[in-house]
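*Asks:* So that we are looking at the same thing, I have put the structure below in structure tokens.
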Amino acid sequence: MNNPLLTEALGVYFLNMDTAVEEEVHPNEDGSFTIIINSRLNCERQMQAYQHALMHIMNNDFAKNCADEIEKAL
């Protein structure tokens with residue numbers, strides 16, 4: 001996946017979550033991804049959370065082992 005913005009392999013949903021969680025990304029069995037954005041965030045933070053999720057997808061972070069190192073790199 002070169003550019004997740006240009007594919008239908010993303011499902012983006014908004015959900016009320018604890019404010020400590022801005023977004024979640026889930027790889028699906030069919031190779032697509034589900035991005036869940038915290039609906040309690042303001043519009044600017046929601047967009048930042050979406051962009052953060054896209055970076056994880058574009059960097060193929062789901063094939064890596066250490067989440068802490070991945071977050072430091074972003």
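Residues in the structure tokens are named by chain (A, B, ... in the order shown) and by number from 1 within that chain; ligands are numbered from 1 in the order shown.
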Need to verify the contact set: A:Ala20, 12 Å, only C-alpha atoms, exclusion of same-chain residues closer than 5 positions in sequence. Can you return it as a PDB file with N, CA and C atoms, in the first residue's frame?
*Replies:*
```pdb
ATOM      1  N   ILE A  37     -11.200   6.802  15.537  1.00  0.00           N
ATOM      2  CA  ILE A  37     -10.821   8.118  16.051  1.00  0.00           C
ATOM      3  C   ILE A  37     -11.731   8.449  17.236  1.00  0.00           C
ATOM      4  N   ASN A  38     -11.134   9.003  18.274  1.00  0.00           N
ATOM      5  CA  ASN A  38     -11.900   9.390  19.455  1.00  0.00           C
ATOM      6  C   ASN A  38     -12.790  10.585  19.110  1.00  0.00           C
ATOM      7  N   ARG A  40     -14.475  12.374  21.014  1.00  0.00           N
ATOM      8  CA  ARG A  40     -14.452  13.418  22.050  1.00  0.00           C
ATOM      9  C   ARG A  40     -13.373  14.471  21.800  1.00  0.00           C
ATOM     10  N   LEU A  41     -12.492  14.213  20.852  1.00  0.00           N
ATOM     11  CA  LEU A  41     -11.445  15.181  20.528  1.00  0.00           C
ATOM     12  C   LEU A  41     -12.012  16.288  19.651  1.00  0.00           C
ATOM     13  N   ALA A  49      -4.790  12.814  14.941  1.00  0.00           N
ATOM     14  CA  ALA A  49      -4.881  11.394  15.274  1.00  0.00           C
ATOM     15  C   ALA A  49      -4.989  10.553  13.999  1.00  0.00           C
TER      16      ALA A  49
END
```
*Asks:* Can you tell me which residues surround A:Thr34 at a distance of at most 10 Å, considering only C-alpha atoms, apart from same-chain residues fewer than 4 positions away, and format the answer as a list in words?
*Replies:*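 After dropping sequence-adjacent residues, the list is Ala9, Leu10, Gly11, Val12, Tyr13, Glu24, Val25, His26, Pro27, Asn28 and Ala53 of chain A.
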*Asks:* Among stretch 6-43 of chain A, which residues does DSSP mark as strand (DSSP E or B) when it is run on the backbone? Keep the chain and numbering as in the structure and answer as an mmCIF file with all heavy atoms, in the first residue's frame.
*Replies:*
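Final file, result25.cif:
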```cif
data_model
loop_
_atom_site.group_PDB
_atom_site.id
_atom_site.type_symbol
_atom_site.label_atom_id
_atom_site.label_comp_id
_atom_site.auth_asym_id
_atom_site.auth_seq_id
_atom_site.Cartn_x
_atom_site.Cartn_y
_atom_site.Cartn_z
ATOM 1 N N LEU A 10 -9.304 1.342 3.754
ATOM 2 C CA LEU A 10 -9.391 1.971 5.073
ATOM 3 C C LEU A 10 -10.850 2.153 5.464
ATOM 4 O O LEU A 10 -11.649 2.619 4.669
ATOM 5 C CB LEU A 10 -8.757 3.371 5.064
ATOM 6 C CG LEU A 10 -7.260 3.486 4.970
ATOM 7 C CD1 LEU A 10 -6.869 4.944 4.916
ATOM 8 C CD2 LEU A 10 -6.595 2.807 6.129
ATOM 9 N N GLY A 11 -11.144 1.804 6.693
ATOM 10 C CA GLY A 11 -12.427 2.138 7.276
ATOM 11 C C GLY A 11 -12.145 3.071 8.435
ATOM 12 O O GLY A 11 -11.310 2.768 9.278
ATOM 13 N N VAL A 12 -12.780 4.237 8.450
ATOM 14 C CA VAL A 12 -12.550 5.213 9.508
ATOM 15 C C VAL A 12 -13.854 5.400 10.271
ATOM 16 O O VAL A 12 -14.901 5.667 9.675
ATOM 17 C CB VAL A 12 -12.059 6.561 8.949
ATOM 18 C CG1 VAL A 12 -11.803 7.555 10.072
ATOM 19 C CG2 VAL A 12 -10.808 6.366 8.108
ATOM 20 N N TYR A 13 -13.762 5.242 11.583
ATOM 21 C CA TYR A 13 -14.935 5.336 12.442
ATOM 22 C C TYR A 13 -14.630 6.258 13.607
ATOM 23 O O TYR A 13 -13.486 6.396 14.032
ATOM 24 C CB TYR A 13 -15.312 3.946 12.974
ATOM 25 C CG TYR A 13 -15.566 2.964 11.860
ATOM 26 C CD1 TYR A 13 -14.541 2.174 11.361
ATOM 27 C CD2 TYR A 13 -16.822 2.872 11.285
ATOM 28 C CE1 TYR A 13 -14.761 1.291 10.314
ATOM 29 C CE2 TYR A 13 -17.053 1.991 10.239
ATOM 30 C CZ TYR A 13 -16.020 1.206 9.759
ATOM 31 O OH TYR A 13 -16.246 0.342 8.720
ATOM 32 N N PHE A 14 -15.665 6.892 14.130
ATOM 33 C CA PHE A 14 -15.547 7.755 15.295
ATOM 34 C C PHE A 14 -16.286 7.094 16.451
ATOM 35 O O PHE A 14 -17.410 6.617 16.280
ATOM 36 C CB PHE A 14 -16.139 9.140 15.009
ATOM 37 C CG PHE A 14 -15.328 9.903 14.001
ATOM 38 C CD1 PHE A 14 -15.534 9.726 12.645
ATOM 39 C CD2 PHE A 14 -14.337 10.781 14.405
ATOM 40 C CE1 PHE A 14 -14.786 10.409 11.707
ATOM 41 C CE2 PHE A 14 -13.575 11.476 13.480
ATOM 42 C CZ PHE A 14 -13.801 11.288 12.137
ATOM 43 N N LEU A 15 -15.645 7.074 17.610
ATOM 44 C CA LEU A 15 -16.196 6.389 18.776
ATOM 45 C C LEU A 15 -15.841 7.177 20.028
ATOM 46 O O LEU A 15 -14.719 7.684 20.148
ATOM 47 C CB LEU A 15 -15.594 4.978 18.854
ATOM 48 C CG LEU A 15 -16.061 4.065 19.968
ATOM 49 C CD1 LEU A 15 -17.521 3.655 19.744
ATOM 50 C CD2 LEU A 15 -15.179 2.821 20.015
ATOM 51 N N GLU A 23 -6.550 7.559 19.066
ATOM 52 C CA GLU A 23 -6.948 6.729 17.940
ATOM 53 C C GLU A 23 -6.460 5.308 18.149
ATOM 54 O O GLU A 23 -5.586 5.062 18.971
ATOM 55 C CB GLU A 23 -6.432 7.302 16.624
ATOM 56 C CG GLU A 23 -5.186 6.691 16.044
ATOM 57 C CD GLU A 23 -3.886 7.027 16.758
ATOM 58 O OE1 GLU A 23 -3.671 8.148 17.209
ATOM 59 O OE2 GLU A 23 -3.074 6.096 16.846
ATOM 60 N N GLU A 24 -7.065 4.412 17.405
ATOM 61 C CA GLU A 24 -6.625 3.016 17.357
ATOM 62 C C GLU A 24 -6.598 2.615 15.887
ATOM 63 O O GLU A 24 -7.418 3.075 15.104
ATOM 64 C CB GLU A 24 -7.590 2.092 18.094
ATOM 65 C CG GLU A 24 -7.647 2.291 19.575
ATOM 66 C CD GLU A 24 -8.593 1.307 20.260
ATOM 67 O OE1 GLU A 24 -9.091 0.368 19.598
ATOM 68 O OE2 GLU A 24 -8.843 1.498 21.449
ATOM 69 N N VAL A 25 -5.644 1.751 15.550
ATOM 70 C CA VAL A 25 -5.566 1.210 14.193
ATOM 71 C C VAL A 25 -5.555 -0.300 14.309
ATOM 72 O O VAL A 25 -4.811 -0.857 15.120
ATOM 73 C CB VAL A 25 -4.288 1.674 13.462
ATOM 74 C CG1 VAL A 25 -4.288 1.161 12.031
ATOM 75 C CG2 VAL A 25 -4.158 3.177 13.491
ATOM 76 N N HIS A 26 -6.389 -0.938 13.501
ATOM 77 C CA HIS A 26 -6.464 -2.398 13.513
ATOM 78 C C HIS A 26 -6.254 -2.925 12.101
ATOM 79 O O HIS A 26 -6.993 -2.545 11.187
ATOM 80 C CB HIS A 26 -7.834 -2.862 14.029
ATOM 81 C CG HIS A 26 -8.139 -2.398 15.403
ATOM 82 N ND1 HIS A 26 -7.706 -3.071 16.515
ATOM 83 C CD2 HIS A 26 -8.815 -1.305 15.854
ATOM 84 C CE1 HIS A 26 -8.111 -2.418 17.599
ATOM 85 N NE2 HIS A 26 -8.779 -1.347 17.222
ATOM 86 N N PRO A 27 -5.240 -3.781 11.904
ATOM 87 C CA PRO A 27 -5.104 -4.440 10.602
ATOM 88 C C PRO A 27 -6.161 -5.537 10.501
ATOM 89 O O PRO A 27 -6.417 -6.266 11.462
ATOM 90 C CB PRO A 27 -3.691 -5.016 10.637
ATOM 91 C CG PRO A 27 -3.350 -5.143 12.090
ATOM 92 C CD PRO A 27 -4.159 -4.116 12.822
ATOM 93 N N PHE A 33 -7.395 -1.845 6.712
ATOM 94 C CA PHE A 33 -7.191 -1.335 8.067
ATOM 95 C C PHE A 33 -8.443 -0.629 8.546
ATOM 96 O O PHE A 33 -9.171 -0.018 7.759
ATOM 97 C CB PHE A 33 -6.033 -0.331 8.097
ATOM 98 C CG PHE A 33 -4.705 -0.965 7.843
ATOM 99 C CD1 PHE A 33 -4.222 -1.108 6.554
ATOM 100 C CD2 PHE A 33 -3.929 -1.429 8.890
ATOM 101 C CE1 PHE A 33 -3.002 -1.696 6.309
ATOM 102 C CE2 PHE A 33 -2.701 -2.027 8.664
ATOM 103 C CZ PHE A 33 -2.242 -2.166 7.369
ATOM 104 N N THR A 34 -8.669 -0.702 9.846
ATOM 105 C CA THR A 34 -9.730 0.044 10.494
ATOM 106 C C THR A 34 -9.079 1.068 11.404
ATOM 107 O O THR A 34 -8.238 0.723 12.240
ATOM 108 C CB THR A 34 -10.631 -0.889 11.324
ATOM 109 O OG1 THR A 34 -11.232 -1.844 10.445
ATOM 110 C CG2 THR A 34 -11.716 -0.107 12.057
ATOM 111 N N ILE A 35 -9.446 2.328 11.226
ATOM 112 C CA ILE A 35 -8.965 3.414 12.080
ATOM 113 C C ILE A 35 -10.150 3.894 12.898
ATOM 114 O O ILE A 35 -11.205 4.226 12.350
ATOM 115 C CB ILE A 35 -8.400 4.581 11.248
ATOM 116 C CG1 ILE A 35 -7.217 4.123 10.408
ATOM 117 C CG2 ILE A 35 -7.999 5.746 12.163
ATOM 118 C CD1 ILE A 35 -6.706 5.176 9.448
ATOM 119 N N ILE A 36 -9.967 3.930 14.207
ATOM 120 C CA ILE A 36 -11.003 4.433 15.107
ATOM 121 C C ILE A 36 -10.466 5.714 15.733
ATOM 122 O O ILE A 36 -9.416 5.717 16.369
ATOM 123 C CB ILE A 36 -11.357 3.406 16.188
ATOM 124 C CG1 ILE A 36 -11.819 2.102 15.530
ATOM 125 C CG2 ILE A 36 -12.433 3.964 17.119
ATOM 126 C CD1 ILE A 36 -11.970 0.942 16.485
ATOM 127 N N ILE A 37 -11.200 6.802 15.537
ATOM 128 C CA ILE A 37 -10.821 8.118 16.051
ATOM 129 C C ILE A 37 -11.731 8.449 17.236
ATOM 130 O O ILE A 37 -12.935 8.233 17.180
ATOM 131 C CB ILE A 37 -10.989 9.206 14.965
ATOM 132 C CG1 ILE A 37 -10.230 8.853 13.689
ATOM 133 C CG2 ILE A 37 -10.609 10.582 15.510
ATOM 134 C CD1 ILE A 37 -8.745 8.915 13.792
ATOM 135 N N ASN A 38 -11.134 9.003 18.274
ATOM 136 C CA ASN A 38 -11.900 9.390 19.455
ATOM 137 C C ASN A 38 -12.790 10.585 19.110
ATOM 138 O O ASN A 38 -12.302 11.668 18.783
ATOM 139 C CB ASN A 38 -10.958 9.742 20.604
ATOM 140 C CG ASN A 38 -11.681 9.889 21.921
ATOM 141 O OD1 ASN A 38 -12.880 10.124 21.954
ATOM 142 N ND2 ASN A 38 -10.942 9.748 23.001
#
```
*Asks:* Which is closest to A:Glu44 among A:Asp61, A:Asp30, A:Glu22, A:Met17, if we use only C-alpha atoms?
*Replies:* A:Glu22
